[in-house]
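So this block is query-v2.pdb, PDB, C-alpha atoms:
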ATOM      1  CA  MET R  42       0.000   0.000   0.000
ATOM      2  CA  GLU R  43       1.475   3.341  -1.083
ATOM      3  CA  PHE R  44       0.662   6.800   0.232
ATOM      4  CA  SER R  45       1.480  10.246  -1.083
ATOM      5  CA  SER R  46       0.119  13.703  -0.496
ATOM      6  CA  ASP R  47       0.269  17.167  -2.024
ATOM      7  CA  MET R  48      -1.623  20.429  -1.980
ATOM      8  CA  LEU R  49      -4.212  21.557  -4.467
ATOM      9  CA  GLY R  50      -4.025  25.281  -3.916
ATOM     10  CA  GLU R  51      -3.726  26.679  -0.429
ATOM     11  CA  ASP R  52      -6.639  24.976   1.281
ATOM     12  CA  ILE R  53      -6.933  21.430  -0.081
ATOM     13  CA  THR R  54      -4.760  18.545   0.981
ATOM     14  CA  ARG R  55      -4.837  15.669  -1.468
ATOM     15  CA  VAL R  56      -3.841  12.208  -0.304
ATOM     16  CA  VAL R  57      -3.329   9.538  -2.934
ATOM     17  CA  LEU R  58      -3.661   5.897  -1.983
ATOM     18  CA  ASN R  59      -2.350   3.108  -4.187
ATOM     19  CA  GLY R  60      -2.933  -0.571  -3.543
ATOM     20  CA  ARG R  61      -5.113  -2.782  -1.388
ATOM     21  CA  MET R  62      -6.858  -1.271   1.618
ATOM     22  CA  ASP R  63      -7.193  -4.630   3.336
ATOM     23  CA  ILE R  64      -6.237  -5.052   6.985
ATOM     24  CA  ALA R  65      -2.520  -4.937   6.207
ATOM     25  CA  GLY R  66      -2.789  -2.064   3.762
ATOM     26  CA  ALA R  67      -4.917  -0.037   6.106
ATOM     27  CA  GLY R  68      -2.387  -0.508   8.855
ATOM     28  CA  ALA R  69       0.418   0.615   6.567
ATOM     29  CA  VAL R  70      -1.130   4.007   5.796
ATOM     30  CA  GLU R  71      -3.200   4.721   8.892
ATOM     31  CA  MET R  72      -0.647   6.889  10.643
ATOM     32  CA  LYS R  73       0.244   8.827   7.470
ATOM     33  CA  LEU R  74      -3.424   9.466   6.752
ATOM     34  CA  ASN R  75      -4.075  10.704  10.259
ATOM     35  CA  LEU R  76      -0.991  12.936  10.151
ATOM     36  CA  ALA R  77      -2.056  14.454   6.837
ATOM     37  CA  ALA R  78      -5.580  14.992   8.117
ATOM     38  CA  GLY R  79      -4.265  16.535  11.307
ATOM     39  CA  THR R  80      -3.134  19.642   9.469
ATOM     40  CA  ALA R  81      -5.548  19.640   6.538
ATOM     41  CA  LYS R  82      -8.079  22.401   6.156
ATOM     42  CA  ASN R  83      -9.952  20.401   3.506
ATOM     43  CA  LEU R  84      -9.214  16.870   2.355
ATOM     44  CA  LEU R  85      -9.450  15.092  -1.003
ATOM     45  CA  ILE R  86      -8.851  11.363  -0.725
ATOM     46  CA  ASP R  87      -7.865  10.010  -4.135
ATOM     47  CA  LEU R  88      -9.019   6.377  -4.372
ATOM     48  CA  GLU R  89      -8.459   5.876  -8.088
ATOM     49  CA  LYS R  90      -5.637   3.378  -7.582
ATOM     50  CA  VAL R  91      -7.154   1.575  -4.615
ATOM     51  CA  THR R  92      -7.854  -1.950  -5.793
ATOM     52  CA  PHE R  93      -9.592  -3.235  -2.657
ATOM     53  CA  LEU R  94     -11.420  -1.698   0.295
ATOM     54  CA  GLY R  95     -12.513  -3.761   3.278
ATOM     55  CA  SER R  96     -14.112  -2.880   6.555
ATOM     56  CA  MET R  97     -10.817  -2.130   8.271
ATOM     57  CA  GLY R  98      -9.694  -0.032   5.324
ATOM     58  CA  LEU R  99     -12.923   1.893   5.464
ATOM     59  CA  GLY R 100     -12.372   2.579   9.120
ATOM     60  CA  THR R 101      -8.947   3.952   8.273
ATOM     61  CA  LEU R 102     -10.629   6.424   5.927
ATOM     62  CA  VAL R 103     -13.294   7.388   8.450
ATOM     63  CA  MET R 104     -10.988   8.489  11.245
ATOM     64  CA  PRO R 105      -9.086  11.235   9.365
ATOM     65  CA  SER R 106     -12.244  12.321   7.571
ATOM     66  CA  ARG R 107     -14.048  12.839  10.846
ATOM     67  CA  ALA R 108     -11.081  14.787  12.169
ATOM     68  CA  VAL R 109     -11.154  17.249   9.267
ATOM     69  CA  ARG R 110     -14.929  17.628   9.445
ATOM     70  CA  SER R 111     -14.855  18.161  13.195
ATOM     71  CA  ARG R 112     -12.639  21.199  12.595
ATOM     72  CA  GLY R 113     -15.124  22.584  10.065
ATOM     73  CA  GLY R 114     -13.306  21.332   6.980
ATOM     74  CA  LYS R 115     -14.683  19.412   4.026
ATOM     75  CA  VAL R 116     -13.810  15.951   2.747
ATOM     76  CA  VAL R 117     -14.449  14.245  -0.577
ATOM     77  CA  PHE R 118     -13.535  10.888  -2.026
ATOM     78  CA  PHE R 119     -12.197  11.010  -5.566
ATOM     79  CA  ASN R 120     -12.668   8.530  -8.408
ATOM     80  CA  PRO R 121     -13.042   5.162  -6.663
ATOM     81  CA  SER R 122     -13.477   2.049  -8.764
ATOM     82  CA  GLU R 123     -16.945   0.547  -9.136
ATOM     83  CA  MET R 124     -16.491  -1.927  -6.303
ATOM     84  CA  VAL R 125     -14.672   0.471  -3.985
ATOM     85  CA  GLU R 126     -17.540   2.899  -4.459
ATOM     86  CA  ALA R 127     -19.976   0.084  -3.720
ATOM     87  CA  VAL R 128     -18.250  -0.402  -0.369
ATOM     88  CA  LEU R 129     -18.468   3.315   0.381
ATOM     89  CA  LYS R 130     -22.165   3.372  -0.504
ATOM     90  CA  SER R 131     -23.027   0.220   1.409
ATOM     91  CA  SER R 132     -21.691   1.802   4.583
ATOM     92  CA  GLY R 133     -23.481   5.086   3.958
ATOM     93  CA  ILE R 134     -20.238   7.012   4.341
ATOM     94  CA  ASP R 135     -20.832   8.642   0.962
ATOM     95  CA  THR R 136     -23.792  10.500   2.473
ATOM     96  CA  LEU R 137     -21.377  12.332   4.729
ATOM     97  CA  PHE R 138     -18.306  12.445   2.496
ATOM     98  CA  PRO R 139     -19.367  12.698  -1.151
ATOM     99  CA  VAL R 140     -17.785  10.885  -4.066
ATOM    100  CA  TYR R 141     -16.618  12.794  -7.136
ATOM    101  CA  ARG R 142     -15.315  11.530 -10.444
ATOM    102  CA  ASP R 143     -14.387  14.909 -11.897
ATOM    103  CA  LEU R 144     -11.404  16.602 -10.279
ATOM    104  CA  ASP R 145     -12.601  20.150 -10.983
ATOM    105  CA  ALA R 146     -15.956  19.357  -9.415
ATOM    106  CA  ALA R 147     -14.248  17.795  -6.416
ATOM    107  CA  ILE R 148     -12.068  20.860  -5.924
ATOM    108  CA  ALA R 149     -15.055  23.167  -6.290
ATOM    109  CA  ALA R 150     -16.909  21.195  -3.634
ATOM    110  CA  LEU R 151     -14.040  21.717  -1.218
ATOM    111  CA  LYS R 152     -14.008  25.505  -1.574
TER     112      LYS R 152
ATOM    113  CA  MET A 282     -19.445 -30.246   5.753
ATOM    114  CA  PRO A 283     -20.881 -30.779   2.263
ATOM    115  CA  GLU A 284     -20.432 -34.237   0.806
ATOM    116  CA  SER A 285     -17.858 -34.397  -1.925
ATOM    117  CA  SER A 286     -19.376 -35.682  -5.108
ATOM    118  CA  SER A 287     -18.593 -35.993  -8.771
ATOM    119  CA  ASP A 288     -20.649 -32.844  -9.302
ATOM    120  CA  ALA A 289     -18.630 -30.644  -6.969
ATOM    121  CA  GLN A 290     -15.040 -29.505  -6.821
ATOM    122  CA  GLU A 291     -13.473 -28.363  -3.568
ATOM    123  CA  ARG A 292     -10.425 -26.426  -2.577
ATOM    124  CA  ARG A 293      -9.371 -25.800   1.026
ATOM    125  CA  LEU A 294      -7.346 -23.030   2.651
ATOM    126  CA  THR A 295      -6.380 -23.177   6.310
ATOM    127  CA  ILE A 296      -5.075 -20.082   8.040
ATOM    128  CA  PRO A 297      -3.702 -19.605  11.565
ATOM    129  CA  SER A 298      -5.572 -17.540  14.117
ATOM    130  CA  ARG A 299      -3.500 -14.416  13.464
ATOM    131  CA  LEU A 300      -4.590 -11.451  11.355
ATOM    132  CA  GLU A 301      -1.337 -11.761   9.421
ATOM    133  CA  GLY A 302      -2.676 -15.066   8.116
ATOM    134  CA  LEU A 303      -5.275 -13.177   6.112
ATOM    135  CA  SER A 304      -2.557 -12.361   3.609
ATOM    136  CA  LEU A 305      -2.967 -15.937   2.342
ATOM    137  CA  VAL A 306      -6.532 -15.324   1.221
ATOM    138  CA  GLN A 307      -6.159 -12.974  -1.712
ATOM    139  CA  PRO A 308      -3.619 -15.046  -3.687
ATOM    140  CA  TRP A 309      -5.694 -18.177  -3.028
ATOM    141  CA  VAL A 310      -8.835 -16.460  -4.319
ATOM    142  CA  GLU A 311      -6.867 -15.122  -7.276
ATOM    143  CA  GLY A 312      -5.901 -18.668  -8.201
ATOM    144  CA  LEU A 313      -9.493 -19.814  -7.952
ATOM    145  CA  ALA A 314     -10.621 -16.856 -10.032
ATOM    146  CA  ALA A 315      -8.254 -17.804 -12.830
ATOM    147  CA  GLU A 316      -9.298 -21.449 -12.730
ATOM    148  CA  TYR A 317     -13.052 -20.878 -12.485
ATOM    149  CA  ALA A 318     -13.414 -17.694 -14.553
ATOM    150  CA  ILE A 319     -14.640 -15.652 -11.589
ATOM    151  CA  SER A 320     -15.136 -12.023 -12.585
ATOM    152  CA  ASP A 321     -13.088  -9.214 -11.059
ATOM    153  CA  ASN A 322     -16.114  -7.780  -9.264
ATOM    154  CA  THR A 323     -17.083 -11.138  -7.789
ATOM    155  CA  GLN A 324     -13.463 -11.699  -6.773
ATOM    156  CA  PHE A 325     -13.555  -8.352  -4.957
ATOM    157  CA  ALA A 326     -16.756  -9.361  -3.175
ATOM    158  CA  ILE A 327     -15.282 -12.724  -2.212
ATOM    159  CA  ASN A 328     -12.163 -11.100  -0.759
ATOM    160  CA  LEU A 329     -14.302  -8.588   1.106
ATOM    161  CA  CYS A 330     -16.571 -11.225   2.634
ATOM    162  CA  LEU A 331     -13.741 -13.563   3.550
ATOM    163  CA  GLU A 332     -11.697 -10.784   5.156
ATOM    164  CA  GLU A 333     -14.689  -9.883   7.299
ATOM    165  CA  ALA A 334     -15.636 -13.442   8.201
ATOM    166  CA  LEU A 335     -12.110 -14.597   8.985
ATOM    167  CA  SER A 336     -11.089 -11.503  10.927
ATOM    168  CA  ASN A 337     -14.243 -11.864  13.018
ATOM    169  CA  VAL A 338     -13.349 -15.459  13.880
ATOM    170  CA  ILE A 339      -9.762 -14.530  14.732
ATOM    171  CA  ARG A 340     -10.559 -11.441  16.796
ATOM    172  CA  HIS A 341     -13.844 -12.401  18.402
ATOM    173  CA  GLY A 342     -14.136 -16.167  18.158
ATOM    174  CA  TYR A 343     -10.591 -16.955  19.185
ATOM    175  CA  LEU A 344     -10.101 -13.625  21.025
ATOM    176  CA  GLY A 345      -6.854 -13.130  19.174
ATOM    177  CA  GLU A 346      -5.300 -16.228  20.688
ATOM    178  CA  PRO A 347      -2.675 -17.892  18.512
ATOM    179  CA  GLY A 348      -2.522 -21.647  18.073
ATOM    180  CA  HIS A 349      -5.914 -22.076  16.459
ATOM    181  CA  SER A 350      -6.935 -22.302  12.826
ATOM    182  CA  VAL A 351      -9.761 -21.354  10.499
ATOM    183  CA  SER A 352     -10.488 -23.212   7.299
ATOM    184  CA  VAL A 353     -12.129 -21.985   4.138
ATOM    185  CA  VAL A 354     -13.476 -24.492   1.656
ATOM    186  CA  PHE A 355     -14.364 -23.393  -1.851
ATOM    187  CA  THR A 356     -17.002 -25.372  -3.665
ATOM    188  CA  ALA A 357     -17.999 -25.057  -7.298
ATOM    189  CA  GLU A 358     -20.966 -26.865  -8.720
ATOM    190  CA  ARG A 359     -21.481 -27.852 -12.330
ATOM    191  CA  ASP A 360     -24.334 -25.345 -12.586
ATOM    192  CA  GLY A 361     -21.878 -22.547 -11.864
ATOM    193  CA  GLY A 362     -22.804 -21.834  -8.260
ATOM    194  CA  ILE A 363     -19.868 -21.129  -5.974
ATOM    195  CA  ALA A 364     -19.613 -20.926  -2.206
ATOM    196  CA  PHE A 365     -17.034 -20.437   0.509
ATOM    197  CA  ILE A 366     -17.500 -22.349   3.739
ATOM    198  CA  VAL A 367     -15.723 -20.875   6.752
ATOM    199  CA  GLU A 368     -15.265 -23.304   9.646
ATOM    200  CA  ASP A 369     -13.719 -22.701  13.020
ATOM    201  CA  HIS A 370     -13.412 -24.365  16.429
ATOM    202  CA  ALA A 371     -14.385 -21.302  18.421
ATOM    203  CA  PRO A 372     -17.198 -21.036  20.978
ATOM    204  CA  PRO A 373     -20.721 -20.954  19.542
ATOM    205  CA  PHE A 374     -21.475 -17.729  17.737
ATOM    206  CA  ASN A 375     -24.016 -17.046  15.020
ATOM    207  CA  PRO A 376     -23.008 -13.781  13.338
ATOM    208  CA  LEU A 377     -26.341 -13.612  11.523
ATOM    209  CA  GLU A 378     -28.118 -13.041  14.802
ATOM    210  CA  SER A 379     -25.718 -10.428  16.074
ATOM    211  CA  VAL A 380     -25.941  -7.305  13.953
ATOM    212  CA  PRO A 381     -25.567  -4.214  16.095
ATOM    213  CA  ALA A 382     -27.960  -1.414  15.242
ATOM    214  CA  ARG A 383     -25.046   0.869  14.475
ATOM    215  CA  GLU A 384     -23.774  -1.607  11.886
ATOM    216  CA  ALA A 385     -27.068  -1.896  10.063
ATOM    217  CA  ALA A 386     -28.016   1.755   9.845
ATOM    218  CA  THR A 387     -26.768   4.427   7.483
ATOM    219  CA  PRO A 388     -25.136   7.137   9.593
ATOM    220  CA  ALA A 389     -27.277  10.232   9.769
ATOM    221  CA  SER A 390     -24.551  12.403  11.170
ATOM    222  CA  LEU A 391     -20.844  12.599  11.748
ATOM    223  CA  GLU A 392     -21.418  11.569  15.345
ATOM    224  CA  GLU A 393     -23.132   8.355  14.273
ATOM    225  CA  LEU A 394     -20.362   7.420  11.857
ATOM    226  CA  GLN A 395     -18.367   4.589  13.393
ATOM    227  CA  PRO A 396     -14.844   3.755  12.225
ATOM    228  CA  SER A 397     -15.512   0.036  12.487
ATOM    229  CA  GLY A 398     -18.135  -2.642  12.981
ATOM    230  CA  ARG A 399     -19.518  -3.155   9.509
ATOM    231  CA  GLY A 400     -18.268  -6.690   8.906
ATOM    232  CA  ILE A 401     -21.397  -8.838   8.843
ATOM    233  CA  SER A 402     -23.334  -6.075   7.121
ATOM    234  CA  PHE A 403     -20.809  -6.137   4.287
ATOM    235  CA  ILE A 404     -21.018  -9.914   4.036
ATOM    236  CA  ARG A 405     -24.793  -9.717   3.703
ATOM    237  CA  LYS A 406     -24.678  -7.017   1.062
ATOM    238  CA  PHE A 407     -21.897  -8.442  -1.068
ATOM    239  CA  SER A 408     -22.855 -12.111  -1.073
ATOM    240  CA  ARG A 409     -25.682 -13.920  -2.823
ATOM    241  CA  SER A 410     -26.530 -16.191   0.084
ATOM    242  CA  LEU A 411     -25.488 -16.600   3.680
ATOM    243  CA  SER A 412     -26.153 -19.372   6.157
ATOM    244  CA  TYR A 413     -24.881 -20.444   9.559
ATOM    245  CA  GLU A 414     -24.628 -23.852  11.157
ATOM    246  CA  ARG A 415     -23.484 -24.707  14.630
ATOM    247  CA  LEU A 416     -21.035 -27.630  14.563
ATOM    248  CA  PRO A 417     -20.322 -30.013  17.441
ATOM    249  CA  ASP A 418     -17.012 -28.238  18.029
ATOM    250  CA  GLY A 419     -17.282 -24.957  16.217
ATOM    251  CA  ASN A 420     -19.086 -22.840  13.701
ATOM    252  CA  ARG A 421     -19.730 -22.976   9.961
ATOM    253  CA  LEU A 422     -20.597 -19.943   7.868
ATOM    254  CA  THR A 423     -21.441 -20.585   4.208
ATOM    255  CA  ILE A 424     -21.161 -17.626   1.869
ATOM    256  CA  GLY A 425     -22.553 -18.034  -1.650
ATOM    257  CA  PHE A 426     -21.865 -15.949  -4.737
ATOM    258  CA  ALA A 427     -23.420 -15.563  -8.147
ATOM    259  CA  PRO A 428     -22.642 -18.362 -10.550
ATOM    260  CA  VAL A 429     -19.618 -18.038 -12.775
ATOM    261  CA  ASP A 430     -20.071 -18.077 -16.519
ATOM    262  CA  ALA A 431     -20.802 -21.775 -17.105
ATOM    263  CA  LYS A 432     -19.489 -21.676 -20.693
ATOM    264  CA  THR A 433     -16.241 -20.009 -19.674
ATOM    265  CA  ALA A 434     -15.702 -22.295 -16.704
ATOM    266  CA  GLN A 435     -15.874 -25.513 -18.680
TER     267      GLN A 435
END
Show me the file's structure as structure tokens.
Amino acid sequence: MEFSSDMLGEDITRVVLNGRMDIAGAGAVEMKLNLAAGTAKNLLIDLEKVTFLGSMGLGTLVMPSRAVRSRGGKVVFFNPSEMVEAVLKSSGIDTLFPVYRDLDAAIAALK
Amino acid sequence: MPESSSDAQERRLTIPSRLEGLSLVQPWVEGLAAEYAISDNTQFAINLCLEEALSNVIRHGYLGEPGHSVSVVFTAERDGGIAFIVEDHAPPFNPLESVPAREAATPASLEELQPSGRGISFIRKFSRSLSYERLPDGNRLTIGFAPVDAKTAQ
């Protein structure tokens, strides 16, 4: 599981996840995700290259997302695969943190 | 345990009662997928359900104690139906009767959003069929999935 992050403008932190968010993968990026979210004003979580998302992996996404929202920031998930999006929807997390497939729309939603 | 017959093919995976053992599942499922023409989406669902079911047995059934094992048996019928049978030797526990309200409901607010506890809910939603059987010395959870393409699988 790979993790990287950058800024989209001044107020949006983008984190890019690559690989399987199974129990092992979630554990590998959990601390980095929480660190990135700890200073993020708004958060875009890029899931395009995430090939698997399980319950533990989902939990690893929830914690930093809640942290940003609790500070008044916004969070979106970007471009998950069909099945990864199905996992997000089945948990209802997409009702709180929306999913976008267009980057410009995602950025606009975070402003 | 289903009877082996000329109409069914079985494969078995046994993992130790440690979460690290779950790393054996995905390559095993990948091998089955190649052999039985299981689609990518169904393979995803299988991995999702097995990760949930097995981690539940390891963490809650065996309370994280090493030295135990969980087996997964794959069965494929000639009509294309496939199933994964998870068997353990843990104390009696029927996961189908134990769905916390928080796991079943869509969160209405940030405060209701839990970071964990969705396992059995995921298994229900991503499988075709689900059944539980108490064994004399453990538990059996059978998780069924949509049939593979019969023409491709031959």
Worksheet entry | Picked residues, the PyMOL selection byres ((chain R and resi 148) around 10), as a list in words |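 Applied to this file, the PyMOL selection byres ((chain R and resi 148) around 10) selects Leu49, Gly50, Asp52, Ile53, Arg55, Asn83, Leu84, Leu85, Val117, Phe119, Tyr141, Asp143, Leu144, Asp145, Ala146, Ala147, Ala149, Ala150, Leu151 and Lys152 of chain R.
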Go ahead and save the residues from that selection, with C-alpha atoms, as a short mmCIF file (atom, residue, chain, number, x, y, z; two decimals), keeping the file's coordinate frame.
data_model
loop_
_atom_site.label_atom_id
_atom_site.label_comp_id
_atom_site.auth_asym_id
_atom_site.auth_seq_id
_atom_site.Cartn_x
_atom_site.Cartn_y
_atom_site.Cartn_z
CA LEU R 49 -4.21 21.56 -4.47
CA GLY R 50 -4.03 25.28 -3.92
CA ASP R 52 -6.64 24.98 1.28
CA ILE R 53 -6.93 21.43 -0.08
CA ARG R 55 -4.84 15.67 -1.47
CA ASN R 83 -9.95 20.40 3.51
CA LEU R 84 -9.21 16.87 2.36
CA LEU R 85 -9.45 15.09 -1.00
CA VAL R 117 -14.45 14.24 -0.58
CA PHE R 119 -12.20 11.01 -5.57
CA TYR R 141 -16.62 12.79 -7.14
CA ASP R 143 -14.39 14.91 -11.90
CA LEU R 144 -11.40 16.60 -10.28
CA ASP R 145 -12.60 20.15 -10.98
CA ALA R 146 -15.96 19.36 -9.41
CA ALA R 147 -14.25 17.80 -6.42
CA ALA R 149 -15.06 23.17 -6.29
CA ALA R 150 -16.91 21.20 -3.63
CA LEU R 151 -14.04 21.72 -1.22
CA LYS R 152 -14.01 25.50 -1.57
#
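Proximity of R:Ala127, R:Leu76, R:Val70, R:Val140 to chain A, computed with only C-alpha atoms, is greatest for R:Ala127.
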How big is the axis-aligned box around all listed atoms of segment 58-65 of chain R once 6 Å goes on each side, and where's its centre, in Å to one decimal, as lines of an AutoDock Vina configuration file?
center_x = -4.8
center_y = 0.4
center_z = 1.4
size_x = 16.8
size_y = 22.9
size_z = 23.2
Discussion item. When the PyMOL selection byres ((chain A and resi 419-428) around 7) is applied to the structure above, which residues does it catch, written out as a VMD selection string?
Written reply: chain A and resid 361 to 374 408 to 418 429 to 430
Just-selected residues, C-alpha atoms written as a CSV table (one decimal), in the frame of the given file:
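Contents of the output file part.csv:
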chain,number,residue,atom,x,y,z
A,361,GLY,CA,-21.9,-22.5,-11.9
A,362,GLY,CA,-22.8,-21.8,-8.3
A,363,ILE,CA,-19.9,-21.1,-6.0
A,364,ALA,CA,-19.6,-20.9,-2.2
A,365,PHE,CA,-17.0,-20.4,0.5
A,366,ILE,CA,-17.5,-22.3,3.7
A,367,VAL,CA,-15.7,-20.9,6.8
A,368,GLU,CA,-15.3,-23.3,9.6
A,369,ASP,CA,-13.7,-22.7,13.0
A,370,HIS,CA,-13.4,-24.4,16.4
A,371,ALA,CA,-14.4,-21.3,18.4
A,372,PRO,CA,-17.2,-21.0,21.0
A,373,PRO,CA,-20.7,-21.0,19.5
A,374,PHE,CA,-21.5,-17.7,17.7
A,408,SER,CA,-22.9,-12.1,-1.1
A,409,ARG,CA,-25.7,-13.9,-2.8
A,410,SER,CA,-26.5,-16.2,0.1
A,411,LEU,CA,-25.5,-16.6,3.7
A,412,SER,CA,-26.2,-19.4,6.2
A,413,TYR,CA,-24.9,-20.4,9.6
A,414,GLU,CA,-24.6,-23.9,11.2
A,415,ARG,CA,-23.5,-24.7,14.6
A,416,LEU,CA,-21.0,-27.6,14.6
A,417,PRO,CA,-20.3,-30.0,17.4
A,418,ASP,CA,-17.0,-28.2,18.0
A,429,VAL,CA,-19.6,-18.0,-12.8
A,430,ASP,CA,-20.1,-18.1,-16.5
Worksheet item: Counting all atoms listed in the file, which of R:Ala69, R:Gly133, R:Ala81, R:Ile64 gets nearest to Arg112 of chain R?
Response: R:Ala81
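Residues captured in this structure file are Gly95, Gly100, Val103 and Gly133 of chain R, according to the ChimeraX specification (/A :<6) & /R.
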Fill in: Two-atom distance - atom CA of Met48 of chain R, atom CA of Gly68 of chain R (Å)
23.6 Å
Practice prompt. Identify which of the residues R:Thr92, R:Thr136, R:Ser45, R:Ser131 lies closest to Phe118 of chain R, counting only C-alpha atoms when measuring atom-to-atom distances.
Written response: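 For Phe118 of chain R, the nearest of the candidates is R:Thr136.
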Worksheet entry | Who sits within 10 Å of Leu102 of chain R, all atoms listed in the file, same chain under 3 positions skipped, as a count of residues only | 18
Fill in: Two-atom distance - atom CA of Arg340 of chain A, atom CA of Gly66 of chain R (Å)
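Between atom CA of Arg340 of chain A and atom CA of Gly66 of chain R the gap is 17.8 Å.
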Worksheet item: Of the candidates A:Ala334, A:Ala314, A:Ser350, A:Gly342, which shows the shortest atom-to-atom distance to Pro297 of chain A, using only C-alpha atoms?
Response: A:Ser350
Within 10 Å of (-11.0, 6.2, -7.6), in the coordinates the file gives, what residues turn up when you count all atoms listed in the file, written out as a PDB file with C-alpha atoms, keeping the file's coordinate frame?
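selection.pdb, written as the output of this step:
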ATOM      1  CA  VAL R  57      -3.329   9.538  -2.934  1.00  0.00           C
ATOM      2  CA  LEU R  58      -3.661   5.897  -1.983  1.00  0.00           C
ATOM      3  CA  ASN R  59      -2.350   3.108  -4.187  1.00  0.00           C
ATOM      4  CA  ILE R  86      -8.851  11.363  -0.725  1.00  0.00           C
ATOM      5  CA  ASP R  87      -7.865  10.010  -4.135  1.00  0.00           C
ATOM      6  CA  LEU R  88      -9.019   6.377  -4.372  1.00  0.00           C
ATOM      7  CA  GLU R  89      -8.459   5.876  -8.088  1.00  0.00           C
ATOM      8  CA  LYS R  90      -5.637   3.378  -7.582  1.00  0.00           C
ATOM      9  CA  VAL R  91      -7.154   1.575  -4.615  1.00  0.00           C
ATOM     10  CA  THR R  92      -7.854  -1.950  -5.793  1.00  0.00           C
ATOM     11  CA  PHE R 118     -13.535  10.888  -2.026  1.00  0.00           C
ATOM     12  CA  PHE R 119     -12.197  11.010  -5.566  1.00  0.00           C
ATOM     13  CA  ASN R 120     -12.668   8.530  -8.408  1.00  0.00           C
ATOM     14  CA  PRO R 121     -13.042   5.162  -6.663  1.00  0.00           C
ATOM     15  CA  SER R 122     -13.477   2.049  -8.764  1.00  0.00           C
ATOM     16  CA  GLU R 123     -16.945   0.547  -9.136  1.00  0.00           C
ATOM     17  CA  MET R 124     -16.491  -1.927  -6.303  1.00  0.00           C
ATOM     18  CA  VAL R 125     -14.672   0.471  -3.985  1.00  0.00           C
ATOM     19  CA  GLU R 126     -17.540   2.899  -4.459  1.00  0.00           C
ATOM     20  CA  VAL R 140     -17.785  10.885  -4.066  1.00  0.00           C
ATOM     21  CA  TYR R 141     -16.618  12.794  -7.136  1.00  0.00           C
ATOM     22  CA  ARG R 142     -15.315  11.530 -10.444  1.00  0.00           C
TER      23      ARG R 142
END
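With distances restricted to all atoms listed in the file, R:Val116 is the closest residue to Thr54 of chain R from R:Val116, R:Met72, R:Met42, R:Ala108.
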Practice prompt. Grab the atom CA of Gly302 of chain A to atom CA of Pro347 of chain A distance for me, in Å with one decimal place.
Written response: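 Atom CA of Pro347 of chain A lies at a distance of 10.8 Å from atom CA of Gly302 of chain A.
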